[in-house]
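Please read the structure below before turning to the comments.
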Amino acid sequence: MEEKPKIYSKENIIKMCIWSVAIACVVFVCASYLINDEFRNKIDTKILKKEVTENSANIIEINTDSSPYVSAFDKYIVVLSKNILNFYNQEATNVGKIDVTITTPTMASSGKYLAIAENGGQKVYLISELGIKWEKEIAGEIYRVNVNKNGYVSVLFKNATHTSIIALYDTNGKELFKYYLKKSHAICAEVSENNQYLAIGKIDYSGTVVKSIVEMISITSAMEDPKQCTLYAYESESGKILNNIKFNSKHEAICRFASYVQKVTNSSDERLYDVKNEDTFVDINLEDHFFVVEKESSGIFSYQYQMNIKSTTGKSDKLYILENGAPKSLQLNKNLICFKLVGEVRVLRSNGWLIKTYKTGNEIQDIVLGDSIMGIVYNNKIEVINL
């Protein structure tokens with residue numbers, strides 16, 4: 001039996017047309033938001049209300065006479081003053097405090113962990129959530145700490161016989177091993193996300209030319225014999241100074257030298273980028289990316305600045321154009337980019353999308369950045385911005 005064709009009423013046809021137009025409008029708006037920077041900026045500021053002005057956010061009052069140290073990790077702003085570490089949440093509410101024997105701190109954070117030590121002293125703590133996970137007394141003079149997202153802590157210190165010693169502790173505070181240097185000075189040490197590798201950055205002053213060296217160490221081998229644990233060592237070009245090391249998600253060490261960025265693995269190395277004269281900032285602290293601010297001429301007497309967010313794992317790069325000149329300072333944390341311009345602060349994701357714009361007419365002393373929180377530090381207050 002032959003099927004009769006469907007006959008739509010006039011009312012159904014009108015409904016279908018309305019739905020089609022609505023869907024087309026949504027697709028157009030979404031596509032424009034994704035590909036049109038100017039349109040996206042208008043949506044962000046006018047509709048999504050991503051703009052915050054001074055005194056419209058929650059405020060933490062601080063006493064500058066007590067010389068407070070301000071930092072951020074995870075979802076907290078932390079303020080250290082007179083051996084007390086105070087924790088504040090996104091509403092600027094004091095949600096906890098702990099006693100620490102720290103007056104001049106060196107700090108590092110990753111995920112839910114904060115490592116804090118006395119700079120030039122012996123005490124080191126691992127903080128998680130609102131409490132002390134563990135604390136140690138180091139037999140030497142601490143000058144740097146670091147921590148990975150799993151809570152593995154590297155402590156760099158020196159004593160009377162060694163220019164540098166690197167001690168590695170697991171999440172529970174168990175010492176895994178110590179690595180001793182006599183002729184070179186360790187400036188940084190990073191643990192990979194899988195807890196298998198320790199990358200040590202050191203500078204050797206013993207020869208006629210200064211050398212920077214990155215050693216990729218097997219943590220398992222170092223626990224058995226620290227003298228036989230180096231998997232690969234990269235030596236910099238003559239006179240090139242190492243600044244920092246950061247692991248990506250493929251457990252490759254991304255190394256920032258004064259004039260280039262190098263990738264070092266457990267068996268090889270590769271040049272990722274040569275710093276140009278036009279580059280005003282280069283930073284490797286983003287997860288799986290490094291970050292370059294470039295100055296380009298846009299006229300006879302004017303310049304345009306753009307941010308290149310470059311992948312270290314083979315993904316596509318991102319570009320963000322700065323309309324208001326060069327950043328005055330930068331803070332990077334995992335997937336967040338925070339930069340200060342004249343009278344404002346912007347926070348982007350590593351894909352170049354705007355999260356927040358903060359505007360002020362006063363002088364900002366500092367900016368601290370956690371995973372989901374930002375603190376705008378003035379001389380007598382901290383404005384807390386929820387990210």
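Residues are named by chain letter and number: chains run A, B, ... in the order of the structure tokens, numbers start at 1 in each chain, and ligands are numbered from 1 in the order shown.
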
Worksheet entry | Per-residue DSSP, segment 212-310 of chain A, filtered to alpha helix (DSSP H), as a ChimeraX atom specification | /A:219-224

Save the residues we just selected, N, CA and C atoms, as an mmCIF file, in the first residue's frame?
```
data_model
loop_
_atom_site.group_PDB
_atom_site.id
_atom_site.type_symbol
_atom_site.label_atom_id
_atom_site.label_comp_id
_atom_site.auth_asym_id
_atom_site.auth_seq_id
_atom_site.Cartn_x
_atom_site.Cartn_y
_atom_site.Cartn_z
ATOM 1 N N ILE A 219 64.448 8.546 39.148
ATOM 2 C CA ILE A 219 64.234 8.560 40.602
ATOM 3 C C ILE A 219 64.401 7.162 41.188
ATOM 4 N N THR A 220 63.916 6.148 40.481
ATOM 5 C CA THR A 220 64.063 4.766 40.966
ATOM 6 C C THR A 220 65.529 4.383 41.084
ATOM 7 N N SER A 221 66.333 4.740 40.073
ATOM 8 C CA SER A 221 67.765 4.421 40.113
ATOM 9 C C SER A 221 68.475 5.216 41.196
ATOM 10 N N ALA A 222 68.075 6.481 41.381
ATOM 11 C CA ALA A 222 68.717 7.329 42.385
ATOM 12 C C ALA A 222 68.459 6.815 43.790
ATOM 13 N N MET A 223 67.320 6.186 44.009
ATOM 14 C CA MET A 223 67.021 5.625 45.329
ATOM 15 C C MET A 223 67.953 4.451 45.645
ATOM 16 N N GLU A 224 68.466 3.785 44.608
ATOM 17 C CA GLU A 224 69.404 2.679 44.802
ATOM 18 C C GLU A 224 70.846 3.172 44.826
#
```

Worksheet entry | Selection near segment 83-85 of chain A, 10 Å with only C-alpha atoms, sequence-local residues under 2 positions removed, as a list in words |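 Near neighbours after the sequence-gap exclusion: Pro68, Tyr69, Val70, Val78, Val79, Leu80, Ser81, Phe87, Gly96, Lys97, Ile98, Asp99, Val100, Thr101, Ile102, Thr103, Thr104, Leu130 and Gly131 of chain A.
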
Worksheet item: In Å, with one decimal, what is the gap from atom CA of Tyr88 of chain A to atom CA of Ile62 of chain A?
Response: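 Interatomic distance, atom CA of Tyr88 of chain A to atom CA of Ile62 of chain A: 12.1 Å.
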
Worksheet item: Using the chain letters and numbers from this document, which residues of segment 135-183 of chain A does DSSP assign to strand (DSSP E or B), as a PyMOL selection string?
Response: chain A and resi 135-137+141-147+153-158+164-169+175-181

Keeping N, CA and C atoms, export the residues of the selection given above as a short mmCIF file (atom, residue, chain, number, x, y, z; two decimals), in the first residue's frame.
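Saved file out10.cif follows:
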```
data_model
loop_
_atom_site.label_atom_id
_atom_site.label_comp_id
_atom_site.auth_asym_id
_atom_site.auth_seq_id
_atom_site.Cartn_x
_atom_site.Cartn_y
_atom_site.Cartn_z
N GLU A 135 56.68 18.33 57.90
CA GLU A 135 57.70 19.35 58.05
C GLU A 135 59.04 18.70 58.33
N LYS A 136 60.13 19.36 57.92
CA LYS A 136 61.47 18.80 58.07
C LYS A 136 62.44 19.89 58.52
N GLU A 137 63.51 19.45 59.14
CA GLU A 137 64.64 20.30 59.49
C GLU A 137 65.80 19.85 58.60
N GLU A 141 71.67 25.13 54.38
CA GLU A 141 71.06 26.44 54.13
C GLU A 141 70.18 26.35 52.87
N ILE A 142 68.86 26.36 53.06
CA ILE A 142 67.92 26.20 51.95
C ILE A 142 67.87 27.47 51.10
N TYR A 143 67.86 27.29 49.79
CA TYR A 143 67.69 28.45 48.91
C TYR A 143 66.60 28.27 47.86
N ARG A 144 66.03 27.07 47.72
CA ARG A 144 64.91 26.90 46.79
C ARG A 144 64.17 25.61 47.09
N VAL A 145 62.85 25.63 46.86
CA VAL A 145 62.04 24.41 46.95
C VAL A 145 61.15 24.33 45.70
N ASN A 146 60.71 23.11 45.42
CA ASN A 146 59.74 22.92 44.35
C ASN A 146 58.85 21.74 44.69
N VAL A 147 57.68 21.65 44.05
CA VAL A 147 56.74 20.58 44.33
C VAL A 147 55.97 20.27 43.05
N VAL A 153 58.45 16.75 46.72
CA VAL A 153 59.13 18.02 47.00
C VAL A 153 60.63 17.88 46.81
N SER A 154 61.22 18.78 46.03
CA SER A 154 62.67 18.88 45.92
C SER A 154 63.13 20.10 46.70
N VAL A 155 64.18 19.91 47.51
CA VAL A 155 64.74 20.99 48.33
C VAL A 155 66.19 21.20 47.91
N LEU A 156 66.52 22.42 47.53
CA LEU A 156 67.89 22.77 47.16
C LEU A 156 68.52 23.53 48.32
N PHE A 157 69.68 23.04 48.78
CA PHE A 157 70.36 23.70 49.88
C PHE A 157 71.87 23.50 49.74
N LYS A 158 72.62 24.17 50.58
CA LYS A 158 74.09 24.05 50.55
C LYS A 158 74.60 23.91 51.97
N SER A 164 75.94 22.60 46.34
CA SER A 164 74.51 22.33 46.23
C SER A 164 74.22 20.88 46.60
N ILE A 165 73.11 20.69 47.28
CA ILE A 165 72.58 19.36 47.57
C ILE A 165 71.09 19.40 47.22
N ILE A 166 70.62 18.38 46.50
CA ILE A 166 69.19 18.28 46.17
C ILE A 166 68.63 17.09 46.95
N ALA A 167 67.67 17.36 47.82
CA ALA A 167 66.99 16.30 48.56
C ALA A 167 65.58 16.15 48.00
N LEU A 168 65.16 14.91 47.80
CA LEU A 168 63.83 14.64 47.25
C LEU A 168 62.99 13.89 48.27
N TYR A 169 61.74 14.38 48.49
CA TYR A 169 60.81 13.79 49.45
C TYR A 169 59.51 13.41 48.74
N GLU A 175 62.21 10.76 52.83
CA GLU A 175 63.34 11.15 51.98
C GLU A 175 63.69 10.00 51.03
N LEU A 176 63.66 10.30 49.73
CA LEU A 176 63.95 9.27 48.72
C LEU A 176 65.45 9.18 48.43
N PHE A 177 66.12 10.33 48.34
CA PHE A 177 67.58 10.34 48.16
C PHE A 177 68.09 11.77 48.24
N LYS A 178 69.41 11.89 48.33
CA LYS A 178 70.09 13.17 48.21
C LYS A 178 71.08 13.09 47.04
N TYR A 179 71.21 14.19 46.33
CA TYR A 179 72.11 14.27 45.18
C TYR A 179 73.09 15.42 45.45
N TYR A 180 74.40 15.12 45.46
CA TYR A 180 75.41 16.08 45.89
C TYR A 180 76.18 16.66 44.70
N LEU A 181 76.41 17.97 44.76
CA LEU A 181 77.23 18.67 43.76
C LEU A 181 78.36 19.39 44.47
#
```

Can you pull out the residues contacting segment 274-286 of chain A? Cut-off 6 Å, using only C-alpha atoms, and skip same-chain residues under 2 positions away; I want them as a PDB file with C-alpha atoms, in the first residue's frame.
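As written to disk, result-v6.pdb reads:
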```pdb
ATOM      1  CA  SER A 259      68.408  33.018  24.548  1.00  0.00           C
ATOM      2  CA  TYR A 260      66.465  29.861  23.663  1.00  0.00           C
ATOM      3  CA  HIS A 289      52.986  25.331  26.311  1.00  0.00           C
ATOM      4  CA  PHE A 290      55.479  28.135  26.496  1.00  0.00           C
ATOM      5  CA  PHE A 291      54.639  31.759  26.062  1.00  0.00           C
ATOM      6  CA  VAL A 292      56.202  34.521  23.939  1.00  0.00           C
ATOM      7  CA  VAL A 293      55.300  38.216  23.774  1.00  0.00           C
ATOM      8  CA  GLU A 294      56.536  39.721  20.505  1.00  0.00           C
ATOM      9  CA  LYS A 295      56.836  43.335  19.444  1.00  0.00           C
ATOM     10  CA  LEU A 332      51.615  32.109  34.557  1.00  0.00           C
ATOM     11  CA  ASN A 333      50.140  29.108  36.311  1.00  0.00           C
ATOM     12  CA  LYS A 334      49.365  25.828  34.572  1.00  0.00           C
ATOM     13  CA  ASN A 335      46.563  26.907  32.179  1.00  0.00           C
TER      14      ASN A 335
END
```

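Candidate residues A:Val342, A:Ile14, A:Ile382, A:Leu387 were compared for distance to Gln365 of chain A, and the nearest is A:Ile382, using only C-alpha atoms.
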
Worksheet item: Which neighbours of segment 63-66 of chain A fall inside 9 Å, counting only C-alpha atoms, when residues of the same chain fewer than 4 positions from it are skipped, and could you give them as an MDAnalysis selection string?
Response: chainID A and resid 81:82 379:381

Worksheet item: Which residues, written as a PyMOL selection string, have at least one atom at most 12 Å from Glu91 of chain A, with only C-alpha atoms counted and residues fewer than 5 positions away on the same chain left out?
Response: chain A and resi 57-60+75-77+373-375+382-387

Worksheet entry | Spatial neighbours of Leu242 of chain A, 8 Å, only C-alpha atoms, chain gap at least 3 places, as a VMD selection string | chain A and resid 201 to 203 212 to 213 255 to 258

Worksheet entry | Residue with smallest distance to Gly370 of chain A - pool A:Gly207, A:Pro226, A:Gly140, A:Gly111, counting only C-alpha atoms |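 Residue with the minimum atom-to-atom distance to Gly370 of chain A: A:Gly111.
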
Worksheet entry | Nearest-residue call for Lys50 of chain A, choices A:Val347, A:Val377, A:Leu336, A:Ile241, using only C-alpha atoms |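 Of A:Val347, A:Val377, A:Leu336, A:Ile241, the one nearest Lys50 of chain A, counting only C-alpha atoms, is A:Val347.
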
Worksheet item: In Å, with one decimal, what is the gap from atom CA of Arg349 of chain A to atom CA of Leu272 of chain A?
Response: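 Going from atom CA of Arg349 of chain A over to atom CA of Leu272 of chain A covers 21.7 Å.
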
Item to complete: Between A:Thr93, A:Tyr113, A:Lys123, A:Ala186, single out the one closest to Gly151 of chain A, counting only C-alpha atoms.
Response: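 Among A:Thr93, A:Tyr113, A:Lys123, A:Ala186, it is A:Tyr113 that comes nearest to Gly151 of chain A.
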
Worksheet item: So which one's closest to Ile116 of chain A, A:Asn308, A:Ser128, A:Ser206, A:Asn362? Using only C-alpha atoms, please.
Response: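 Of all the options, A:Ser128 lies closest to Ile116 of chain A.
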
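Here atom CA of Glu363 of chain A stands at a distance of 7.1 Å from atom CA of Tyr378 of chain A.
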